[in-house]
file input.cif (mmCIF, C-alpha atoms)
data_input
#
loop_
_atom_site.group_PDB
_atom_site.id
_atom_site.type_symbol
_atom_site.label_atom_id
_atom_site.label_comp_id
_atom_site.auth_asym_id
_atom_site.auth_seq_id
_atom_site.Cartn_x
_atom_site.Cartn_y
_atom_site.Cartn_z
ATOM 1 C CA MET A 1 41.238 6.487 9.818
ATOM 2 C CA ASP A 2 38.536 9.124 9.609
ATOM 3 C CA ILE A 3 35.058 7.615 9.432
ATOM 4 C CA SER A 4 33.491 11.016 8.801
ATOM 5 C CA LYS A 5 34.966 10.784 5.299
ATOM 6 C CA ASN A 6 32.814 9.263 2.610
ATOM 7 C CA PHE A 7 33.899 5.937 1.084
ATOM 8 C CA PHE A 8 35.549 7.603 -1.895
ATOM 9 C CA GLU A 9 37.568 9.995 0.237
ATOM 10 C CA LEU A 10 38.540 7.108 2.487
ATOM 11 C CA PHE A 11 40.326 5.470 -0.449
ATOM 12 C CA ALA A 12 41.509 8.801 -1.888
ATOM 13 C CA LEU A 13 39.403 8.246 -5.003
ATOM 14 C CA PRO A 14 37.420 10.859 -6.923
ATOM 15 C CA VAL A 15 33.649 10.782 -6.275
ATOM 16 C CA SER A 16 32.620 9.199 -9.570
ATOM 17 C CA PHE A 17 31.035 6.060 -11.018
ATOM 18 C CA HIS A 18 34.422 5.351 -12.596
ATOM 19 C CA VAL A 19 36.564 3.556 -10.042
ATOM 20 C CA ASP A 20 40.107 2.368 -10.594
ATOM 21 C CA LEU A 21 39.680 -1.082 -9.055
ATOM 22 C CA SER A 22 43.412 -1.756 -8.699
ATOM 23 C CA GLN A 23 43.868 1.533 -6.869
ATOM 24 C CA LEU A 24 40.890 0.666 -4.696
ATOM 25 C CA SER A 25 42.286 -2.694 -3.639
ATOM 26 C CA ALA A 26 45.801 -1.293 -3.105
ATOM 27 C CA ARG A 27 44.458 1.446 -0.827
ATOM 28 C CA TYR A 28 42.236 -1.085 0.923
ATOM 29 C CA LEU A 29 45.152 -3.380 1.717
ATOM 30 C CA GLU A 30 47.175 -0.439 3.033
ATOM 31 C CA LEU A 31 44.398 0.696 5.351
ATOM 32 C CA GLN A 32 43.579 -2.828 6.422
ATOM 33 C CA LYS A 33 47.197 -3.537 7.315
ATOM 34 C CA ALA A 34 47.312 -0.496 9.556
ATOM 35 C CA LEU A 35 44.135 -1.587 11.283
ATOM 36 C CA HIS A 36 44.301 -5.320 11.681
ATOM 37 C CA PRO A 37 43.287 -6.145 15.271
ATOM 38 C CA ASP A 38 45.955 -8.870 15.646
ATOM 39 C CA ARG A 39 48.640 -6.245 15.253
ATOM 40 C CA HIS A 40 47.309 -4.507 18.288
ATOM 41 C CA ALA A 41 47.492 -7.236 20.915
ATOM 42 C CA HIS A 42 48.850 -4.681 23.357
ATOM 43 C CA LEU A 43 45.870 -2.347 22.976
ATOM 44 C CA SER A 44 43.272 -1.745 25.627
ATOM 45 C CA ASP A 45 39.797 -3.249 25.203
ATOM 46 C CA ARG A 46 38.420 0.072 24.141
ATOM 47 C CA GLU A 47 41.116 0.621 21.545
ATOM 48 C CA ARG A 48 40.647 -2.908 20.212
ATOM 49 C CA ARG A 49 36.916 -2.398 19.905
ATOM 50 C CA MET A 50 37.510 0.778 17.953
ATOM 51 C CA SER A 51 39.944 -0.993 15.706
ATOM 52 C CA GLU A 52 37.332 -3.675 15.029
ATOM 53 C CA GLN A 53 34.756 -1.027 14.223
ATOM 54 C CA TYR A 54 37.133 0.629 11.783
ATOM 55 C CA THR A 55 37.765 -2.723 10.122
ATOM 56 C CA ALA A 56 34.027 -3.288 9.703
ATOM 57 C CA TYR A 57 33.665 0.208 8.249
ATOM 58 C CA LEU A 58 36.557 -0.387 5.883
ATOM 59 C CA ASN A 59 35.121 -3.708 4.677
ATOM 60 C CA GLU A 60 31.742 -2.122 4.070
ATOM 61 C CA ALA A 61 33.405 0.703 2.159
ATOM 62 C CA VAL A 62 35.375 -1.566 -0.167
ATOM 63 C CA ALA A 63 32.414 -3.877 -0.853
ATOM 64 C CA THR A 64 30.182 -0.882 -1.624
ATOM 65 C CA LEU A 65 32.582 0.667 -4.121
ATOM 66 C CA LYS A 66 33.606 -2.582 -5.792
ATOM 67 C CA ALA A 67 30.213 -3.613 -7.232
ATOM 68 C CA PRO A 68 28.729 -1.207 -9.828
ATOM 69 C CA MET A 69 25.234 -1.541 -8.402
ATOM 70 C CA SER A 70 26.044 -0.654 -4.785
ATOM 71 C CA ARG A 71 28.489 2.000 -6.007
ATOM 72 C CA ALA A 72 25.705 3.702 -7.993
ATOM 73 C CA GLN A 73 23.316 3.476 -5.020
ATOM 74 C CA TYR A 74 25.974 4.948 -2.734
ATOM 75 C CA LEU A 75 26.715 7.816 -5.130
ATOM 76 C CA LEU A 76 23.018 8.708 -5.085
ATOM 77 C CA LYS A 77 22.925 8.437 -1.298
ATOM 78 C CA LEU A 78 25.690 11.043 -1.151
ATOM 79 C CA GLN A 79 23.297 13.359 -3.043
ATOM 80 C CA GLY A 80 20.424 12.540 -0.691
ATOM 81 C CA PHE A 81 18.611 9.890 -2.778
ATOM 82 C CA ASP A 82 18.027 6.469 -1.238
ATOM 83 C CA THR A 83 16.845 3.912 -3.800
ATOM 84 C CA THR A 84 17.474 0.847 -1.645
ATOM 85 C CA GLY A 85 14.393 1.021 0.579
ATOM 86 C CA GLU A 86 11.750 1.973 -1.974
ATOM 87 C CA SER A 87 8.741 -0.262 -2.384
ATOM 88 C CA SER A 88 6.202 0.983 -4.860
ATOM 89 C CA VAL A 89 7.215 3.792 -7.176
ATOM 90 C CA ALA A 90 6.037 4.557 -10.678
ATOM 91 C CA ILE A 91 8.150 2.696 -13.233
ATOM 92 C CA ASP A 92 7.875 2.991 -16.993
ATOM 93 C CA PRO A 93 5.262 0.308 -17.947
ATOM 94 C CA MET A 94 7.131 -0.547 -21.160
ATOM 95 C CA PHE A 95 10.236 -1.295 -19.129
ATOM 96 C CA LEU A 96 8.209 -3.470 -16.747
ATOM 97 C CA MET A 97 6.591 -5.296 -19.665
ATOM 98 C CA HIS A 98 10.045 -6.161 -20.978
ATOM 99 C CA GLN A 99 11.139 -7.288 -17.499
ATOM 100 C CA MET A 100 8.106 -9.572 -17.421
ATOM 101 C CA GLU A 101 9.049 -11.055 -20.797
ATOM 102 C CA LEU A 102 12.656 -11.655 -19.734
ATOM 103 C CA ARG A 103 11.434 -13.451 -16.594
ATOM 104 C CA GLU A 104 9.028 -15.549 -18.653
ATOM 105 C CA GLN A 105 11.917 -16.397 -20.938
ATOM 106 C CA LEU A 106 13.977 -17.483 -17.929
ATOM 107 C CA GLU A 107 11.104 -19.615 -16.672
ATOM 108 C CA GLU A 108 10.979 -21.444 -20.014
ATOM 109 C CA VAL A 109 14.729 -22.119 -20.203
ATOM 110 C CA PRO A 110 14.603 -25.626 -18.651
ATOM 111 C CA ASP A 111 12.047 -26.732 -21.296
ATOM 112 C CA GLN A 112 14.161 -25.620 -24.244
ATOM 113 C CA ALA A 113 15.881 -28.145 -26.530
ATOM 114 C CA ASP A 114 19.234 -26.712 -25.453
ATOM 115 C CA PRO A 115 18.688 -25.064 -22.064
ATOM 116 C CA PHE A 116 22.333 -24.034 -21.752
ATOM 117 C CA GLU A 117 22.265 -22.149 -25.015
ATOM 118 C CA ALA A 118 18.923 -20.546 -24.178
ATOM 119 C CA LEU A 119 20.251 -19.455 -20.804
ATOM 120 C CA GLU A 120 23.417 -18.038 -22.303
ATOM 121 C CA GLU A 121 21.429 -16.032 -24.826
ATOM 122 C CA LEU A 122 19.283 -14.594 -22.061
ATOM 123 C CA SER A 123 22.303 -13.908 -19.899
ATOM 124 C CA ASP A 124 24.001 -12.047 -22.778
ATOM 125 C CA GLU A 125 20.913 -9.927 -23.297
ATOM 126 C CA VAL A 126 20.683 -9.047 -19.597
ATOM 127 C CA ASP A 127 24.405 -8.216 -19.494
ATOM 128 C CA SER A 128 24.118 -5.913 -22.449
ATOM 129 C CA ILE A 129 21.129 -4.072 -20.918
ATOM 130 C CA LEU A 130 23.072 -3.700 -17.659
ATOM 131 C CA LYS A 131 26.085 -2.378 -19.522
ATOM 132 C CA GLN A 132 23.926 0.233 -21.220
ATOM 133 C CA LEU A 133 22.302 1.236 -17.927
ATOM 134 C CA ARG A 134 25.704 1.624 -16.267
ATOM 135 C CA SER A 135 26.923 3.856 -19.018
ATOM 136 C CA ASP A 136 23.659 5.878 -18.847
ATOM 137 C CA PHE A 137 24.089 6.247 -15.092
ATOM 138 C CA ASP A 138 27.672 7.373 -15.458
ATOM 139 C CA ALA A 139 26.707 10.151 -17.871
ATOM 140 C CA GLN A 140 23.611 11.210 -15.897
ATOM 141 C CA TYR A 141 25.464 11.348 -12.574
ATOM 142 C CA ALA A 142 28.365 13.272 -14.051
ATOM 143 C CA ALA A 143 25.864 15.766 -15.537
ATOM 144 C CA GLN A 144 24.156 16.012 -12.088
ATOM 145 C CA SER A 145 20.863 14.852 -13.633
ATOM 146 C CA TYR A 146 20.004 13.055 -10.432
ATOM 147 C CA ASP A 147 16.338 12.350 -11.193
ATOM 148 C CA GLN A 148 17.371 10.512 -14.323
ATOM 149 C CA ALA A 149 20.198 8.758 -12.486
ATOM 150 C CA VAL A 150 17.698 7.570 -9.836
ATOM 151 C CA ALA A 151 15.404 6.167 -12.546
ATOM 152 C CA THR A 152 18.363 4.361 -14.108
ATOM 153 C CA VAL A 153 19.438 2.803 -10.801
ATOM 154 C CA ARG A 154 15.899 1.537 -10.218
ATOM 155 C CA LYS A 155 16.063 -0.225 -13.571
ATOM 156 C CA MET A 156 19.487 -1.624 -12.671
ATOM 157 C CA GLN A 157 17.984 -3.125 -9.507
ATOM 158 C CA PHE A 158 15.465 -5.151 -11.546
ATOM 159 C CA LEU A 159 18.188 -6.438 -13.862
ATOM 160 C CA GLU A 160 20.610 -7.277 -11.064
ATOM 161 C CA LYS A 161 17.885 -9.386 -9.477
ATOM 162 C CA LEU A 162 17.308 -11.162 -12.791
ATOM 163 C CA SER A 163 21.047 -11.666 -13.129
ATOM 164 C CA VAL A 164 21.134 -13.447 -9.774
ATOM 165 C CA GLU A 165 18.238 -15.672 -10.860
ATOM 166 C CA ILE A 166 20.046 -16.540 -14.079
ATOM 167 C CA GLU A 167 23.112 -17.558 -12.052
ATOM 168 C CA ASN A 168 20.953 -19.660 -9.740
ATOM 169 C CA LEU A 169 19.435 -21.501 -12.685
ATOM 170 C CA GLU A 170 22.905 -21.973 -14.153
ATOM 171 C CA ASP A 171 24.033 -23.706 -10.959
ATOM 172 C CA HIS A 172 20.845 -25.739 -10.956
ATOM 173 C CA LEU A 173 21.321 -26.892 -14.573
ATOM 174 C CA ASP A 174 24.924 -27.861 -13.820
ATOM 175 C CA ASP A 175 23.801 -30.270 -11.101
ATOM 176 C CA MET B 176 10.730 -15.477 8.977
ATOM 177 C CA ALA B 177 7.775 -17.838 8.749
ATOM 178 C CA TYR B 178 5.000 -17.284 6.240
ATOM 179 C CA SER B 179 1.425 -17.431 7.473
ATOM 180 C CA ASP B 180 -0.779 -20.361 6.409
ATOM 181 C CA GLN B 181 -2.757 -17.996 4.180
ATOM 182 C CA VAL B 182 0.376 -16.918 2.295
ATOM 183 C CA ILE B 183 1.549 -20.513 1.912
ATOM 184 C CA ASP B 184 -1.875 -21.532 0.597
ATOM 185 C CA HIS B 185 -1.860 -18.833 -2.108
ATOM 186 C CA TYR B 186 1.801 -19.459 -2.878
ATOM 187 C CA GLU B 187 1.325 -23.191 -3.344
ATOM 188 C CA ASN B 188 -2.052 -22.902 -5.080
ATOM 189 C CA PRO B 189 -2.052 -19.508 -6.739
ATOM 190 C CA ARG B 190 -5.496 -18.543 -8.088
ATOM 191 C CA ASN B 191 -6.007 -17.126 -11.529
ATOM 192 C CA VAL B 192 -2.450 -17.235 -12.844
ATOM 193 C CA GLY B 193 -2.341 -16.309 -16.487
ATOM 194 C CA LYS B 194 -2.610 -13.746 -19.185
ATOM 195 C CA MET B 195 -5.359 -11.948 -21.062
ATOM 196 C CA ASN B 196 -5.034 -10.190 -24.377
ATOM 197 C CA ASP B 197 -4.083 -6.671 -23.362
ATOM 198 C CA LYS B 198 -5.242 -5.390 -26.760
ATOM 199 C CA ASP B 199 -8.870 -6.283 -25.969
ATOM 200 C CA ASP B 200 -11.056 -3.270 -25.248
ATOM 201 C CA ASN B 201 -12.664 -4.907 -22.225
ATOM 202 C CA VAL B 202 -9.332 -5.860 -20.621
ATOM 203 C CA GLY B 203 -7.411 -3.573 -18.277
ATOM 204 C CA THR B 204 -3.736 -4.299 -17.534
ATOM 205 C CA GLY B 205 -1.783 -3.082 -14.526
ATOM 206 C CA MET B 206 2.000 -3.441 -14.544
ATOM 207 C CA VAL B 207 3.846 -2.539 -11.373
ATOM 208 C CA GLY B 208 7.265 -3.209 -9.939
ATOM 209 C CA ALA B 209 9.173 -2.833 -6.683
ATOM 210 C CA PRO B 210 12.701 -1.729 -7.527
ATOM 211 C CA ALA B 211 14.126 -2.426 -4.071
ATOM 212 C CA CYS B 212 13.421 -6.158 -4.351
ATOM 213 C CA GLY B 213 13.122 -6.422 -8.142
ATOM 214 C CA ASP B 214 9.591 -7.850 -8.010
ATOM 215 C CA VAL B 215 7.407 -7.506 -11.096
ATOM 216 C CA MET B 216 3.614 -7.887 -11.055
ATOM 217 C CA ARG B 217 1.032 -7.962 -13.859
ATOM 218 C CA LEU B 218 -2.650 -7.868 -12.935
ATOM 219 C CA GLN B 219 -5.404 -7.945 -15.533
ATOM 220 C CA ILE B 220 -9.170 -7.545 -15.327
ATOM 221 C CA LYS B 221 -11.924 -8.315 -17.808
ATOM 222 C CA VAL B 222 -14.820 -5.918 -17.444
ATOM 223 C CA SER B 223 -18.441 -6.400 -18.538
ATOM 224 C CA ASP B 224 -20.453 -3.703 -20.306
ATOM 225 C CA GLU B 225 -22.131 -3.017 -16.966
ATOM 226 C CA GLY B 226 -18.754 -2.146 -15.417
ATOM 227 C CA VAL B 227 -18.427 -5.336 -13.377
ATOM 228 C CA ILE B 228 -15.169 -7.293 -13.217
ATOM 229 C CA GLU B 229 -15.933 -10.692 -14.745
ATOM 230 C CA ASP B 230 -12.506 -12.216 -14.584
ATOM 231 C CA ALA B 231 -9.025 -11.438 -13.270
ATOM 232 C CA LYS B 232 -5.597 -12.891 -13.968
ATOM 233 C CA PHE B 233 -2.150 -12.218 -12.583
ATOM 234 C CA LYS B 234 1.485 -13.121 -13.017
ATOM 235 C CA THR B 235 4.007 -12.148 -10.368
ATOM 236 C CA TYR B 236 7.741 -12.670 -10.228
ATOM 237 C CA GLY B 237 8.673 -12.073 -6.633
ATOM 238 C CA CYS B 238 8.544 -13.417 -3.101
ATOM 239 C CA GLY B 239 5.774 -15.550 -1.598
ATOM 240 C CA SER B 240 4.030 -12.524 -0.078
ATOM 241 C CA ALA B 241 3.932 -10.688 -3.414
ATOM 242 C CA ILE B 242 2.509 -13.756 -5.162
ATOM 243 C CA ALA B 243 -0.057 -14.311 -2.407
ATOM 244 C CA SER B 244 -1.094 -10.622 -2.388
ATOM 245 C CA SER B 245 -1.773 -10.576 -6.128
ATOM 246 C CA SER B 246 -3.446 -13.985 -6.083
ATOM 247 C CA LEU B 247 -5.791 -12.817 -3.316
ATOM 248 C CA VAL B 248 -6.647 -9.604 -5.169
ATOM 249 C CA THR B 249 -7.688 -11.511 -8.314
ATOM 250 C CA GLU B 250 -10.058 -13.583 -6.157
ATOM 251 C CA TRP B 251 -11.485 -10.557 -4.394
ATOM 252 C CA VAL B 252 -12.114 -8.308 -7.393
ATOM 253 C CA LYS B 253 -14.136 -10.839 -9.374
ATOM 254 C CA GLY B 254 -17.742 -9.628 -9.235
ATOM 255 C CA MET B 255 -16.765 -6.169 -7.983
ATOM 256 C CA THR B 256 -17.607 -2.968 -9.809
ATOM 257 C CA LEU B 257 -14.682 -0.826 -10.955
ATOM 258 C CA ASP B 258 -15.379 1.654 -8.164
ATOM 259 C CA GLU B 259 -15.274 -1.091 -5.556
ATOM 260 C CA ALA B 260 -12.045 -2.507 -6.971
ATOM 261 C CA GLU B 261 -10.432 0.919 -6.945
ATOM 262 C CA GLN B 262 -11.189 1.271 -3.272
ATOM 263 C CA LEU B 263 -9.451 -1.935 -2.316
ATOM 264 C CA LYS B 264 -6.937 -1.170 0.414
ATOM 265 C CA ASN B 265 -3.581 -2.776 0.953
ATOM 266 C CA THR B 266 -4.337 -2.973 4.664
ATOM 267 C CA SER B 267 -7.174 -5.448 4.026
ATOM 268 C CA ILE B 268 -4.812 -7.589 1.926
ATOM 269 C CA ALA B 269 -2.096 -7.467 4.582
ATOM 270 C CA GLU B 270 -4.625 -8.332 7.268
ATOM 271 C CA GLU B 271 -6.167 -11.240 5.367
ATOM 272 C CA LEU B 272 -2.715 -12.719 4.662
ATOM 273 C CA ALA B 273 -1.305 -11.830 8.095
ATOM 274 C CA LEU B 274 1.706 -10.189 6.468
ATOM 275 C CA PRO B 275 4.528 -9.157 8.817
ATOM 276 C CA PRO B 276 5.592 -5.466 8.755
ATOM 277 C CA VAL B 277 8.568 -6.116 6.430
ATOM 278 C CA LYS B 278 6.199 -7.573 3.826
ATOM 279 C CA ILE B 279 3.533 -4.854 3.903
ATOM 280 C CA HIS B 280 5.053 -3.358 0.750
ATOM 281 C CA CYS B 281 3.958 -6.499 -1.166
ATOM 282 C CA SER B 282 0.322 -5.689 -0.398
ATOM 283 C CA VAL B 283 0.920 -2.064 -1.458
ATOM 284 C CA LEU B 284 2.220 -3.389 -4.760
ATOM 285 C CA ALA B 285 -0.954 -5.452 -5.266
ATOM 286 C CA GLU B 286 -3.146 -2.427 -4.467
ATOM 287 C CA ASP B 287 -1.182 -0.354 -6.988
ATOM 288 C CA ALA B 288 -1.582 -3.141 -9.557
ATOM 289 C CA ILE B 289 -5.389 -3.263 -9.343
ATOM 290 C CA LYS B 290 -5.552 0.551 -9.447
ATOM 291 C CA ALA B 291 -3.325 0.560 -12.534
ATOM 292 C CA ALA B 292 -5.485 -2.109 -14.209
ATOM 293 C CA VAL B 293 -8.670 -0.102 -13.581
ATOM 294 C CA ALA B 294 -6.983 3.082 -14.838
ATOM 295 C CA ASP B 295 -5.808 1.274 -17.978
ATOM 296 C CA TYR B 296 -9.337 -0.027 -18.656
ATOM 297 C CA LYS B 297 -10.886 3.427 -18.165
ATOM 298 C CA GLU B 298 -8.322 5.020 -20.439
ATOM 299 C CA LYS B 299 -9.236 2.528 -23.156
ATOM 300 C CA GLN B 300 -12.940 3.336 -22.790
ATOM 301 C CA ASP B 301 -12.285 7.063 -22.990
ATOM 302 C CA LYS B 302 -10.447 6.587 -26.254
ATOM 303 C CA LYS B 303 -13.339 4.737 -27.849
#
call {"tool": "encode", "arguments": {"input": "input.cif", "output": "structure tokens"}}
result
Amino acid sequence: MDISKNFFELFALPVSFHVDLSQLSARYLELQKALHPDRHAHLSDRERRMSEQYTAYLNEAVATLKAPMSRAQYLLKLQGFDTTGESSVAIDPMFLMHQMELREQLEEVPDQADPFEALEELSDEVDSILKQLRSDFDAQYAAQSYDQAVATVRKMQFLEKLSVEIENLEDHLDD
Amino acid sequence: MAYSDQVIDHYENPRNVGKMNDKDDNVGTGMVGAPACGDVMRLQIKVSDEGVIEDAKFKTYGCGSAIASSSLVTEWVKGMTLDEAEQLKNTSIAEELALPPVKIHCSVLAEDAIKAAVADYKEKQDKK
């Protein structure tokens, strides 16, 4: 396995936001099988350590490409844009206002007459915004409009966070 | 990572949580966000005719340090002139709250929020 390859090349996939997930997992299993440390009981310590490192690299690669969010961040990283460590950057105030409203809505869910319905409505809205952002990103990245793609990924990051909070509340309501 | 007592105090008893009418001429609203952690912060100021901040409110969705930073800023800016508020530095916030290095960005966010609120207020006055 060549760890100088990027994650897409590693799985013999085109560098694109579109990923054939079944091809990804098939290639992953193939590579993993060839690498599994237990199959190399006869190896020297050094060789076993390398095999373990490859396995870690492989696992990171598959996890990164599987989820749309980390896949988009990784695609931008390949072009020299890192959106994962940013703290304060200018974001469209209208977008932020809407994010505020969605979070207020989430906060009020437990007080609603039917919290489950209210939560589902909110969750549907967040999903549909995320879907739109993913499709925007796909088009922007393919067109090499990286500044726009970066702005879209930043928005995605806010919505993914909200998505996690919706799931947490869901679990909480179920208890 | 343990929060400092100051952060816990502001987190458990946040000062000045709330909302002002952002359509009012004497209200300035600052909306900022940190994409990496998904935090969203709204900081509002009510300004007197003499250019002094009479009241401040905030609402923050984020970690304890982000909430504490914005809560502290609303306390500090009350009674300040716009110029004084604009000069508020994130380092003083971080120092007061004893924020660890990984949470410094929360104080930066609060500084950006007060700057944005002052800018929004000034823009409104210019339009009058």
call {"tool": "interface_residues", "arguments": {"input": "input.cif", "of": "chain B", "to": "chain A", "cutoff": "6 Å", "atoms": "only C-alpha atoms", "output": "list in words"}}
result
Ala209, Pro210, Ala211, Gly213, His280 and Leu284 of chain B
call {"tool": "atom_distance", "arguments": {"input": "input.cif", "atom1": "atom CA of A:His98", "atom2": "atom CA of A:Val164"}}
result
17.4 Å
call {"tool": "resolve_selection", "arguments": {"input": "input.cif", "expression": "the PyMOL selection byres ((chain B and resi 225) around 12)", "output": "list of chain:residue names"}}
result
B:Asn201, B:Lys221, B:Val222, B:Ser223, B:Asp224, B:Gly226, B:Val227, B:Ile228, B:Glu229, B:Gly254, B:Met255, B:Thr256, B:Leu257
call {"tool": "write_last_selection", "arguments": {"input": "input.cif", "atoms": "C-alpha atoms", "output": "PDB file, in the frame of the given file"}}
result
ATOM      1  CA  ASN B 201     -12.664  -4.907 -22.225  1.00  0.00           C
ATOM      2  CA  LYS B 221     -11.924  -8.315 -17.808  1.00  0.00           C
ATOM      3  CA  VAL B 222     -14.820  -5.918 -17.444  1.00  0.00           C
ATOM      4  CA  SER B 223     -18.441  -6.400 -18.538  1.00  0.00           C
ATOM      5  CA  ASP B 224     -20.453  -3.703 -20.306  1.00  0.00           C
ATOM      6  CA  GLY B 226     -18.754  -2.146 -15.417  1.00  0.00           C
ATOM      7  CA  VAL B 227     -18.427  -5.336 -13.377  1.00  0.00           C
ATOM      8  CA  ILE B 228     -15.169  -7.293 -13.217  1.00  0.00           C
ATOM      9  CA  GLU B 229     -15.933 -10.692 -14.745  1.00  0.00           C
ATOM     10  CA  GLY B 254     -17.742  -9.628  -9.235  1.00  0.00           C
ATOM     11  CA  MET B 255     -16.765  -6.169  -7.983  1.00  0.00           C
ATOM     12  CA  THR B 256     -17.607  -2.968  -9.809  1.00  0.00           C
ATOM     13  CA  LEU B 257     -14.682  -0.826 -10.955  1.00  0.00           C
TER      14      LEU B 257
END
call {"tool": "residues_around", "arguments": {"input": "input.cif", "residues": "B:Ala285", "least_positions_apart": "2", "cutoff": "10 Å", "atoms": "only C-alpha atoms", "output": "ChimeraX atom specification"}}
result
/A:88 /B:205-208,216-218,235,241-249,263-265,268,280-283,287-291
call {"tool": "resolve_selection", "arguments": {"input": "input.cif", "expression": "the PyMOL selection byres ((chain A and resi 64) around 12)", "output": "JSON, numbers by chain"}}
result
{"A": [6, 7, 8, 17, 19, 24, 57, 58, 59, 60, 61, 62, 63, 65, 66, 67, 68, 69, 70, 71, 72, 73, 74, 75, 77]}
call {"tool": "atom_distance", "arguments": {"input": "input.cif", "atom1": "atom CA of A:Ser4", "atom2": "atom CA of A:Leu78"}}
result
12.6 Å
call {"tool": "residues_around", "arguments": {"input": "input.cif", "residues": "A:Ser145", "least_positions_apart": "6", "cutoff": "12 Å", "atoms": "all atoms listed in the file", "output": "MDAnalysis selection string"}}
result
chainID A and resid 76 79 136:139 151:152
call {"tool": "closest_residue", "arguments": {"input": "input.cif", "among": "A:Val150, A:Leu35, A:Leu119, A:Leu133", "to": "A:Leu173", "atoms": "all atoms listed in the file"}}
result
A:Leu119
call {"tool": "atom_distance", "arguments": {"input": "input.cif", "atom1": "atom CA of B:Ala231", "atom2": "atom CA of B:Gln219"}}
result
5.5 Å
call {"tool": "resolve_selection", "arguments": {"input": "input.cif", "expression": "the PyMOL selection byres ((chain B and resi 270) around 12)", "output": "ChimeraX atom specification"}}
result
/B:179,181-182,244,247,264-269,271-276,278-279,282
call {"tool": "closest_residue", "arguments": {"input": "input.cif", "among": "A:Leu102, A:Leu10, A:Ala34, A:Ala143", "to": "A:Glu121", "atoms": "only C-alpha atoms"}}
result
A:Leu102
call {"tool": "closest_residue", "arguments": {"input": "input.cif", "among": "B:Asp230, B:Gly203, B:Ile220, B:Ser240", "to": "B:His185", "atoms": "all atoms listed in the file"}}
result
B:Ser240
call {"tool": "closest_residue", "arguments": {"input": "input.cif", "among": "B:Lys303, B:Glu298, B:Gly239, B:Lys198", "to": "B:Asp184", "atoms": "only C-alpha atoms"}}
result
B:Gly239
call {"tool": "axis_aligned_box", "arguments": {"input": "input.cif", "around": "stretch 116-131 of chain A", "padding_each_side": "3 Å", "output": "lines of an AutoDock Vina configuration file"}}
result
center_x = 22.5
center_y = -13.2
center_z = -21.3
size_x = 13.2
size_y = 27.7
size_z = 13.4
call {"tool": "closest_residue", "arguments": {"input": "input.cif", "among": "B:Val277, B:Val202, B:Val215, B:Val252", "to": "B:Ala294", "atoms": "only C-alpha atoms"}}
result
B:Val202
